[in-house]
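Here the structure comes first, spelled out in structure tokens, and everything after it is commentary.
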Amino acid sequence: MKKEEPGVLMPEKKSIYKEITYSFEDPFFSPFEIQMGPQHPSTHGVLKLRLILEGEKIVDLEPVVGFLHRGVEKLAENMNYAQVLPLTDRLDYISAMNNNTGYALVVERLLGIEPPPRGKYLRSMVCELARIASHLLWLATHALDIGAMTVFLYCFREREMILNFFEKICGARLTVSYPRIGGVRLDVEESVLEEIYNFIPYMYEKIEEYEGLLSENRIWLDRTKGVGVITGEEALAYGLTGPSLRGSGIPYDVRKHFPYDAYPEVEFEVPVGKNGDTYDRYWVRLQEMRQSLRIVKQCIEKMPEGPVCAELSPDLDMPLYKRAYRAEAFGESTLIAFLNEGAQIVPKGELYSAVEGAKGELGFYLVSDGSGKPYRLHIRAPSFIHISALKKLSQGHFLADLVAIIGTLDIVMGECDR
Amino acid sequence: MRKDLKYLIFKDLIGGLLITLKTFFRKPVTVQYPREKVTLFPSFRGRHALVRDPETGEARCVACLKCVQVCPSRCIEVKFEVDQETGARKMLAYNLEALRCIYCGYCEEVCPVGAIVLTEWFEYSSRDRSGLIFNKERLLKNWDEFVERFPEKVYTNKFWNLKGVPEVLKPAPKREGIMVKVRE
């Protein structure tokens with residue numbers, strides 16, 4: 001044992017939790033604490049919640065995140081722009097197409113590349129398919145949390161078909177890496193496009209089936225109506241985006257307000273809820289699936305011919321630095337000097353661009369110092385911001401409702417912890 | 001106040017039960033895995049293999065190290081020697097850690113001769129780590145195992161399309177495909 005030297009104070013251990021104090025007038029108030037997660041099945045990953053309960057009512061709640069931290073943002077600083085793209089698959093692993101597109105867009109805007117029209121349409125098409133797959137998984141797990149097992153099985157049946165399309169298009173089911181800086185990786189065969197086109201009416205039927213199972217079901221209504229209410233103003237103040245915000249009645253959609261890819265050329269509506277409770281968010285997501293199918297249909301009908309990737313798009317093995325040489329002759333020997341001139345291979349600057357991910361506004365903030373790798377890449381993950389609203393949504397509700405509230409925010413911890 | 005007639009006759013619950021009843025008469029979609037197997041589509045990114053040239057019986061790799069350079073997870077290691085007279089490189093060792101691989105398919109896309117491929121093979125789990133660290137012999141064996149099941153004579157991969165390179169400028173093996181069996 002090593003002896004501590006006298007006179008040296010050991011630093012105090014600081015708790016990661018802040019002190020929680022309550023001044024309730026009730027003398028019999030005795031809150032107790034429960035740690036929910038990170039292994040709890042309905043926290044959708046590795047979210048840990050520190051709950052203060054009074055009886056069965058939630059008084060306070062503190063989310064603890066970071067169990068799935070992999071350092072994607074730091075890893076990106078040591079790779080060239082093309083190599084970062086497969087990492088973004090692993091953020092929101094349920095709708096990887098949207099992540100890839102978001103990253104590709106921000107680099108395209110930095111480099112000033114415009115993808116060819118076929119590339120744009122293909123990207124929009126696969127993004128919407130990924131959105132449907134994501135919403136299907138959300139509906140499946142949300143319904144399973146609340147107690148409807150049938151919907152879970154049905155949703156996974158249709159999700160499997162979409163994943164099969166992805167496998168046919170690009171060779172992988174979840175970690176697709178299909179969109180590319182300046183377009184997409186491969187062209188899609190006509191037979192696959194036809195299969196997707198035939199899938200659309202089938203999917204419309206299936207969405208009606210889910211609605212028949214849930215929308216009027218008395219148990220579903222009791223568990224979702226009036227649970228986790230947040231008004232539009234509060235939702236904006238908490239920074240909610242995506243279906244979680246639109247359920248509160250605010251029609252903000254990146255696809256409409258800051259259009260990218262083929263979205264300005266297709267028609268679709270933005271479904272908006274009224275009450276801002278769990279049921280409205282459920283309704284909004286189901287309607288969004290219908291709108292996504294509409295976009296997929298229009299994309300296939302309007303699909304132009306031509307190349308799928310811009311010629312200026314950076315190579316996979318793009319250099320990190322451009323080296324300039326200067327050779328000087330000194331008698332018989334030659335001195336070769338490396339110069340830093342011309343080291344800039346991409347424009348300098350910083351920019352933020354966002355896409356409408358399946359969960360909300362997925363933003364990428366990129367700082368470029370002119371070299372072939374990003375100087376800093378910050379990812380605005382919607383799940384991380386949605387978790388911060390968990391306390392507001394669940395205060396005063398029963399513990400059993402917390403499961404429904406976590407489900408309704410549609411969080412993916414891979415994106416939250418990055 | 002939802003105590004109307006629809007509520008009293010359990011219309012919502014019976015409607016849901018009718019939907020589930022319909023699936024009684026549908027075909028099951030479940031694949032009973034060990035007995036049945038899912039069909040993989042062409043250019044699925046599965047187990048790695050080094051393509052064996054049927055005429056020389058050796059790997060096609062020319063040790064250009066492009067795959068080492070583009071790999072985002074840095075799981076490839078290539079050792080080579082340079083012939084002093086001709087300046088040609090000869091690949092000595094090719095080690096690939098499948099445990100670290102993220103299956104992005106960049107290596108097969110960037111390879112100039114079509115030497116490394118991700119084959120349509122998904123059953124290669126191992127009981128220990130050493131079974132998933134592939135060396136050169138293991139990678140060539142992977143290719144042989146893949147070819148045994150492969151129905152056609154010429155193998156081409158979708159990911160061999162080099163971006164922005166015209167068809168005529170592509171290297172010959174990527175353009176025409178690789179003969180997987182020796183001509184008889």
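Chain labels follow the order of the structure tokens: the first chain is A, the next B, and so on; residue numbering restarts at 1 in every chain, and ligands are counted from 1 in their shown order.
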(request) Would you list the contacts of stretch 132-138 of chain B as a PyMOL selection string, taking every protein, DNA or RNA residue within 12 Å and counting only C-alpha atoms, but skipping same-chain residues closer than 4 positions in sequence? (result) chain B and resi 47-52+57-61+75-79+91-101+115-116+123-128+142-145
Close residues, A:Tyr103 itself excluded, 9 Å, only C-alpha atoms, min 3 positions apart in chain, as an mmCIF file with C-alpha atoms, in the first residue's frame:
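The resulting file, result11.cif, is reproduced below:
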data_model
loop_
_atom_site.group_PDB
_atom_site.id
_atom_site.type_symbol
_atom_site.label_atom_id
_atom_site.label_comp_id
_atom_site.auth_asym_id
_atom_site.auth_seq_id
_atom_site.Cartn_x
_atom_site.Cartn_y
_atom_site.Cartn_z
ATOM 1 C CA VAL A 84 -16.336 9.725 -43.083
ATOM 2 C CA LEU A 85 -19.450 8.680 -44.979
ATOM 3 C CA THR A 88 -22.535 8.323 -40.527
ATOM 4 C CA ASN A 98 -30.908 10.072 -44.291
ATOM 5 C CA ASN A 99 -27.634 10.358 -42.385
ATOM 6 C CA ASN A 100 -25.575 9.669 -45.480
ATOM 7 C CA VAL A 106 -22.930 19.455 -46.343
ATOM 8 C CA VAL A 107 -19.777 18.412 -48.189
ATOM 9 C CA GLU A 108 -21.413 19.136 -51.527
ATOM 10 C CA ARG A 180 -22.186 9.526 -52.096
ATOM 11 C CA ILE A 181 -20.753 13.029 -52.103
ATOM 12 C CA SER A 353 -26.775 22.278 -43.379
ATOM 13 C CA ALA A 354 -29.633 20.112 -42.288
ATOM 14 C CA GLY A 363 -27.830 18.889 -38.969
ATOM 15 C CA PHE A 364 -24.152 18.736 -39.831
#
(request) Using only C-alpha atoms, determine which residues of chain A fall within 7 Å of chain B; present them as a PyMOL selection string. (result) chain A and resi 83+86+167-168+171-172+177+212-213+216-217+311+316-317
